[in-house]
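Working notes, structure below.
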Amino acid sequence: MGLEQFKNRNVGTQEYRVLDLQESPKTPMAKFAQVAKRTFKGELFVGLGVTVREMFNALFRGQMHTVKYPLEKLPISPRYRAIHEMLRLLESGHYRCIGCGLCEKICISNCISMDTRYDENQRKEVSEYTINFGRCIFCGYCAEVCPELAIVHGPRYETASEQRASFSLFEDMLTPIDKLSLQQEYDGFGAVSPNADENIKKTPLAY
Amino acid sequence: MSEVKTVENMVNIKIDGVEYQAVEGEYILNAARANEVFIPAICYLTRCSPTLACRICLVEADGKQVYACNAKVKEGMEITVNTPNILEERRAIMEVYDVNHPLQCGVCDKSGECELQNYTLELNVDSQSYAIPDTKREVQNWSSVLHYDPGLCIVCERCTTVCKDMIGDAAITTTKRGGEDIDKAFKESMPKDAYAMWNKLQKSLIAPSNGTDQTNCSDCGECIAVCPVGALVSRDFVYQSNAWDLKRVPAVSAHSSDGFAIYYETKPRSIEDRREKIFRVTNEWNYVSLDGAARFAYDFENEDATKDEAAFNAAVEAFKKAGTIRFNSVITNEEALMLQTLKEKMGVKLYNPEVRAFQKFLNHYQAASGRSLWSTDTDTIMKRADFVISVGSALRNDSPGMKYAFNNVQKLNKGAGLYFHPIGDTLISSFGKSIECFNHKPGLEEAALYLILDLFADVQKLPEEVKAYIDSFKTSETKTIKEKVEKTVKEMVKNEETGEEEEVSKKVKETVEKEITVEKNGLVDLLGGDSENFADAFDKMMKKKESFSMMVGEDLYFHEKAENIAKLIALIEATTSIDVVMAPPKSNALGVALICDLDDEATGYTVGYNENGDFRLSALGNGDLDMPAMNQQEGTFTTMSKRVVPTNAALPYDGYELNDLMKVLVGAPELTIDWTPMLPTQKGYKAVAFDDLPYGYSNDGRENRGYLLDITSTEAALPTVEKFAESAALEGEIAYRCNPARQFNDFTDKSHEIFEAFGVYASTAKAEELGERVEIMFDKGSIVMDVIADEKMEGDIVKVSDFRAAAGIYDLFGGSRYKNVTIKKV
Amino acid sequence: METTTLIGQLPEVTAVGVAIKAILILAIISAVAGFGTYLERKVLAFMQRRLGPMHVGPYGLLQIAADGIKLFTKEDIVPQHANAVIFKVAPVITAATAFIALSAVPVFPDFRIPEFIPVLGGTFVPSIASDVNVGILFVLGMMAAGLYGPLLAGMAQANKWGIIGAARTAIQFLSYEVITGLSILAPIMLVGSLSLVDFNEAQSGGFTSWFVWQQPVAFILFLIAGFAETNRTPFDLLEHEAEVISGYATEYSGMRWGMFFIGEYANMITISILAAVVFLGGYNDFGFIAGWIMILLKVAFFFFLMLWVRAAWPHVRPDQLMWLCWKVLMPIAVINVVVTGIVIMV
């Protein structure tokens with residue numbers, strides 16, 4: 001299963017056909033004739049044929065439709081807004097979040113909260129970050145407003161857990177440092193548009 | 001505002017075609033602001049002098065381009081705020097400001113309330129045309145509270161201006177940046193003003209003015225408040241919170257008696273700890289300037305207080321058997337009224353030594369002058385006065401509001417000042433050139449008042465005996481002075497060196513001896529001045545002066561002859577054109593003085609409210625029953641400006657309040673603020689409910705907080721004043737009860753951003769002599785304290801802090817602020 | 001094969017042997033019925049390109065066990081206004097009649113318990129528990145009596161869906177009883193006996209001697225009627241959830257419901273065996289394939305056919321069901337009997 005089918009949005013261009021619904025027979029004789037016709041036409045066997053064909057397709061041609069869900073997962077659209085992830089910088093491994101608080105400000109359900117502090121390197125450090133998933137409505141504004149593409153909606157849509165807190169802290173959302181190489185660049189909600197460069201005015205530099 | 005406006009003459013002006021009225025002589029910018037017309041401006045501060053750093057307030061007045069912040073309105077003036085040329089200039093200026101200004105607004109503390117952000121958007125800066133290589137600028141910490149990030153600084157000079165013109169410390173100034181020169185090509189291509197502004201910007205930065213990397217100032221933090229960008233931030237607040245997350249609670253500073261309007265800004269402490277915390281204090285810096293205590297002493301709340309029923313019952317019992325309630329002035333008007341009610345219904349005594357003296361003084365003053373309260377306030381002084389006199393107040397320590405006014409008059413109103421105080425202060429004389437400081441001996445405050453009478457009184461009005469008494473100090477003596485003259489005639493002169501008489505007939509400069517009559521004023525000499533030079537200096541100071549004000553301080557209330565002093569002040573008011581303002585000793589001393597009927601001594605079982613006692617109610621969290629601190633309760637204060645102002649609770653409080661005790665003891669309304677309309681109207685209070693009290697400033701800078709006390713005024717005959725005894729002057733080793741700046745009470749002491757220590761403060765020389773730690777022996781006891789050098793102090797008198805109630809400093813000093821002591825090294 | 005021997009030549013059929021056989025039938029058919037549910041789910045799933053039960057045991061094989069545990073441990077609920085006694089008895093009737101019907105059907109070949117087993121050693125276990133000489137009649141009669149299960153269940157539970165289910169039971173079972181009887185009458189006329197063993201004997205002549213060739217119409221009618229009798233799609237109107245929730249079984253849960261289920265599957269097996277014995281040559285050897293394998297294959301085929309049909313065809317409406325029964329099938333069955341009779345006479 002690829003992403004092609006998600007991209008196929010040609011709704012309305014399929015070839016629909018109108019069924020040729022004939023008039024119902026009126027007289028008993030006509031009705032009997034219809035029954036007889038249908039009986040001997042073998043239409044019933046077409047149904048049987050279809051089912052048995054599909055059984056063969058499924059069993060022997062690898063067209064089994066079932067996805068064994070917890071073990072197998074379908075790819076998800078990048079525009080899907082699942083539970084948040086905090087990304088790291090690929091080069092340094094440092095988290096991208098700069099603690100600007102725009103997500104906190106824009107959050108319409110007021111569920112984001114962060115603690116920042118002045119660290120030893122004279123930088124703003126995010127000492128803790130949390131999203132109250134009991135309140136989050138997954139609107140995606142935080143990802144959209146983030147200037148650093150630090151908070152994104154990842155593909156992790158399984159949000160059942162023993163405790164809500166299981167997802168909500170900074171380290172829960174942050175890409176584990178040992179999985180940095182697996183970190184995917186986000187191309188969903190709030191990501192830089194492909195033509196972003198065209199919309200930027202260049203600032204002169206004196207160097 | 002540099003002109004005296006005894007009568008406010010209004011002129012008619014037109015801004016963008018709309019007619020407005022403006023005060024004559026006002027700057028266009030202020031006139032526009034007063035009329036709620038927006039003219040962009042970054043560097044101008046309403047109550048300070050224009051710096052012309054930003055040049056954004058450029059407008060067209062009568063066809064000429066002028067800067068709105070330093071061009072005055074004229075009758076019929078027609079002003080255009082925006083012309084294409086001006087808009088181009090402004091945009092270019094904003095572009096220049098944005099050159100090399102870091103764009104990581106996300107991490108900046110100012111983001112969201114940043115004027116650079118606002119004006120960049122307001123002026124539609126969506127592209128950049130200019131560039132220059134940046135200079136490396138390191139972050140600096142200037143003091144225990146000031147954090148300066150020069151990378152963010154736009155050198156608008158608001159900080160230096162406010163420090164000089166308002167605060168008086170002049171602790172910071174512009175310095176060299178060492179930036180590269182601007183490309184010459186820009187001179188032709190860019191608008192003129194923008195280029196000039198850039199030129200200046202590219203050359204300067206801000207730095208401590210004493211040449212070191214540390215400021216030597218009162219740490220008031222006003223520079224932080226006025227900074228339009230994130231360059232100046234409190235060290236404690238750096239990267240702690242975004243401005244928009246903070247909830248602003250309008251309140252009143254609980255420490256000095258100025259009753260500064262502040263906003264407590266709160267939000268939950270952290271993700272884990274959701275208790276509200278005050279993150280910072282802000283102010284409307286165009287209209288009010290704070291002192292360090294108001295800005296930084298905010299975290300004195302009584303944390304985690306709960307309703308301890310046992311303690312409450314014990315408190316009820318304690319009140320029932322109490323003979324005296326001892327309290328101080330860190331208390332709202334409502335609480336003062338409750339205590340007064342207790343006195344009336346239960347017959348307890350109310351003991352408050354710090355206010356009692358002030359209350360007596362006020363009574364004497366009222367008896368002598370017929371007025372219930374003094375005639376002016378610091379705001380009016382700043383607006384009008386051009387001559388200020390301070391008597392009996394260690395201006396730098398006692399009353400920041402007075403200090404600012406004293407300084408502001410010198411800087412903005414081209415004013416002059418007289419400063420009478422036993423302890424020399426180098427800062428005061430640095431406020432301006434026309435300041436005479438009299439460091440007289442303690443006890444001679446009456447002499448100072450007599451001198452003021454002499455200098456300013458209308459002789460016609462003055463009683464004969466006073467006139468005679470003053471004249472008795474004046475001696476007229478013939479004195480030979482030497483004068484250099486250029487003579488063209490031959491003359492027999494006495495040769496200086498030989499003493500022989502010679503005949504000289506040359507056209508030369510000569511020193512001649514001249515006999516003149518010199519008026520000597522014994523009062524000046526008595527006060528430590530130089531009477532010979534003073535007369536001339538005073539004449540100069542008096543030039544073009546029209547409005548006179550006098551600031552009266554705490555020394556006078558605690559003076560042995562306070563009654564006579566009060567009469568003298570009444571006499572000064574009656575016979576001169578001097579307005580008087582008095583500084584209530586602490587916080588809400590005026591409110592307590594007006595509301596409570598205080599007793600002179602404590603007897604029997606004592607309940608202490610934030611004070612020592614047999615049973616202690618305490619908002620500090622260390623007493624027998626918890627009380628809410630000032631940032632946890634609603635109520636009103638009575639300020640030095642004779643205003644009753646509301647303050648609100650910034651932090652939650654779950655314990656018992658005084659009103660709960662009142663309910664049990666004598667019955668009380670539901671809420672503390674239900675007492676507000678019951679404040680005594682015969683003392684000038686009004687029957688206004690707390691929720692109806694306004695809070696804020698109008699655009700023209702008028703204060704609109706609470707209400708002004710009604711002042712009763714009756715005709716009174718001129719008071720009969722006594723002569724003073726020169727022998728009253730204290731000699732020898734003297735201690736002066738005085739707190740360091742920023743420290744006022746236990747609450748400021750509790751605050752983590754106030755670092756001034758409890759100890760004995762002395763001039764550098766004296767401190768060296770005393771060593772590190774001394775025992776100060778009073779007649780009633782002694783105390784051991786650390787010695788702290790204060791380089792702005794002069795003389796041998798030492799200042800003993802009194803802000804810790806538990807130390808019992810008031811008891812040691814008794815009814816006086818000056819005491820003869822023996823100081824011993826420990 | 002021993003199973004081909006006539007009843008008279010059999011070794012002594014003892015009461016113990018019959019008892020063992022009865023127990024075997026009960027145990028194995030119950031188990032097969034359970035396994036049938038698994039098979040049904042799997043086959044339906046495959047036909048819809050799904051996997052079906054997968055997680056309990058390898059390929060979901062232990063799903064039956066899980067279901068069994070579930071059924072046995074579920075709370076036993078008797079509705080407040082139900083006739084409790086009849087409510088409790090009804091599922092037993094269904095299960096009992098289904099198994100009783102099986103007593104006259106040859107299931108598995110005869111065998112003798114090996115001698116080395118103590119006590120029961122040497123006991124002969126017959127293929128038919130009770131070889132009555134009116135076998136077919138008995139089986140059909142017993143299956144007809146099974147109608148009381150759903151009927152009483154539906155009426156006893158004080159539920160309108162149950163009542164409707166019960167009414168449908170009555171009309172459907174009674175109507176199609178007629179078709180079953182008439183359709184099977186023709187082969188009976190050919191054989192001249194009601195014993196299933198005789199039917200088997202009559203078709204021992206190989207593939208061509210199967211009655212399906214002589215009586216194709218009867219075969220088809222019997223199949224259709226069999227589907228209706230066993231309450232299978234497309235005739236599962238008794239408990240058609242889209243119309244009557246669960247019909248007669250609406251208020252049943254746990255093992256009581258489970259007994260209806262077992263009864264239904266036992267009936268499916270019975271009908272499959274009947275169809276195999278009456279029309280498809282029974283348990284005769286087929287070339288080199290042993291007869292007992294043949295009967296298993298044939299039963300399996302019919303069982304699979306039932307599932308297959310369920311996957312492919314939609315339900316019929318109740319009125320269509322009746323229309324089909326009385327206006328189409330019954331006339332054809334009657335004509336078939338008459339024609340068969342004429343052919344025999346000629």
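In the structure tokens, chains take the letters A, B, ... in the order shown, each chain's residues start at 1, and ligands count up from 1 in the order shown.
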
Selection: 7 Å around segment 130-135 of chain A, only C-alpha atoms, excl. self and same-chain fewer than 5 positions, as a PyMOL selection string: chain A and resi 109+111-114+164+168-170

Taking N, CA and C atoms for each residue, export the selection above as a compact mmCIF listing (two decimals), in the first residue's frame.
# COMPACT_ATOMS: atom_id res chain seq x y z
N SER A 109 -7.32 25.41 22.89
CA SER A 109 -7.88 24.75 24.07
C SER A 109 -6.96 24.95 25.27
N CYS A 111 -4.00 24.11 26.20
CA CYS A 111 -3.53 22.91 26.87
C CYS A 111 -2.02 22.77 26.83
N ILE A 112 -1.33 23.73 26.21
CA ILE A 112 0.13 23.64 26.17
C ILE A 112 0.70 24.52 27.26
N SER A 113 1.75 24.04 27.86
CA SER A 113 2.37 24.81 28.92
C SER A 113 3.86 24.51 28.91
N MET A 114 4.68 25.52 29.13
CA MET A 114 6.12 25.26 29.12
C MET A 114 6.83 26.06 30.20
N ARG A 164 -2.88 9.42 31.12
CA ARG A 164 -2.75 10.48 30.14
C ARG A 164 -1.34 11.02 30.10
N SER A 168 2.53 13.14 27.68
CA SER A 168 2.39 14.58 27.70
C SER A 168 3.66 15.34 28.05
N LEU A 169 4.73 14.68 28.41
CA LEU A 169 5.92 15.44 28.81
C LEU A 169 6.90 15.57 27.65
N PHE A 170 7.83 16.48 27.86
CA PHE A 170 8.80 16.79 26.82
C PHE A 170 9.52 15.55 26.34

Interface list for chain B, partner chain A, 8 Å threshold, only C-alpha atoms, as a ChimeraX atom specification: /B:105-108,127-133,238-242,244-245,270-271

Backbone DSSP call of alpha helix (DSSP H) for segment 128-169 of chain A, listed as a PyMOL selection string: chain A and resi 141-145+165-168

Residues of chain A within 10 Å of chain C, only C-alpha atoms counted, as a list in words: Phe32, Val35, Leu44, Phe45, Val46, Gly47, Leu48, Gly49, Val50, Thr51, Val52, Arg53, Glu54, Met55, Phe56, Asn57, Ala58, Leu59, Gly62, Gln63, Met64, His65, Thr66, Val67 and Lys68 of chain A

Just-selected residues, C-alpha atoms written as a PDB file, in the first residue's frame:
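For reference, part_35.pdb as written:
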ATOM      1  CA  PHE A  32     -43.565 -16.744 -13.425  1.00  0.00           C
ATOM      2  CA  VAL A  35     -38.731 -16.383 -12.076  1.00  0.00           C
ATOM      3  CA  LEU A  44     -27.217 -17.584  -8.681  1.00  0.00           C
ATOM      4  CA  PHE A  45     -24.127 -19.396  -9.783  1.00  0.00           C
ATOM      5  CA  VAL A  46     -22.476 -16.141 -10.767  1.00  0.00           C
ATOM      6  CA  GLY A  47     -22.701 -15.132  -7.111  1.00  0.00           C
ATOM      7  CA  LEU A  48     -21.250 -18.420  -6.016  1.00  0.00           C
ATOM      8  CA  GLY A  49     -18.518 -18.023  -8.584  1.00  0.00           C
ATOM      9  CA  VAL A  50     -17.626 -14.569  -7.399  1.00  0.00           C
ATOM     10  CA  THR A  51     -17.287 -15.633  -3.794  1.00  0.00           C
ATOM     11  CA  VAL A  52     -15.231 -18.677  -4.568  1.00  0.00           C
ATOM     12  CA  ARG A  53     -13.028 -16.647  -6.905  1.00  0.00           C
ATOM     13  CA  GLU A  54     -12.359 -14.102  -4.224  1.00  0.00           C
ATOM     14  CA  MET A  55     -11.556 -16.912  -1.838  1.00  0.00           C
ATOM     15  CA  PHE A  56      -8.927 -18.160  -4.231  1.00  0.00           C
ATOM     16  CA  ASN A  57      -7.591 -14.653  -4.753  1.00  0.00           C
ATOM     17  CA  ALA A  58      -7.309 -14.197  -1.056  1.00  0.00           C
ATOM     18  CA  LEU A  59      -5.767 -17.534  -0.241  1.00  0.00           C
ATOM     19  CA  GLY A  62      -1.960 -12.735  -1.880  1.00  0.00           C
ATOM     20  CA  GLN A  63      -4.921 -10.470  -2.134  1.00  0.00           C
ATOM     21  CA  MET A  64      -5.948 -10.915   1.442  1.00  0.00           C
ATOM     22  CA  HIS A  65      -7.357  -7.595   2.522  1.00  0.00           C
ATOM     23  CA  THR A  66      -6.936  -7.832   6.263  1.00  0.00           C
ATOM     24  CA  VAL A  67      -4.241  -5.772   7.963  1.00  0.00           C
ATOM     25  CA  LYS A  68      -3.210  -7.448  11.164  1.00  0.00           C
TER      26      LYS A  68
END

Those of segment 47-209 of chain B in DSSP strand (DSSP E), formatted as a PyMOL selection string: chain B and resi 58-61+64-67+77-80+140-141+146-148+172-176+204-208

Atom CA of Glu354 of chain B to atom CA of Arg804 of chain B, distance in Å rounded to a single decimal: 13.0 Å

Residue contacts of Phe72 of chain C (12 Å, only C-alpha atoms) excluding same-chain residues fewer than 5 positions away, as a PyMOL selection string: chain C and resi 64-67+253-259

Distance query segment 713-722 of chain B at most 12 Å, only C-alpha atoms, self and fewer than 5 positions along chain excluded, as an NGL selection string: :B and (364-375 or 446-447 or 449-450 or 453 or 461-467 or 469-470 or 561-575 or 683-684)

Test item: residues at most 8 Å from Gly168 of chain B, only C-alpha atoms, excluding those fewer than 2 positions along its chain, as a ChimeraX atom specification: /B:163-166,170,403-404,407-408,427,431
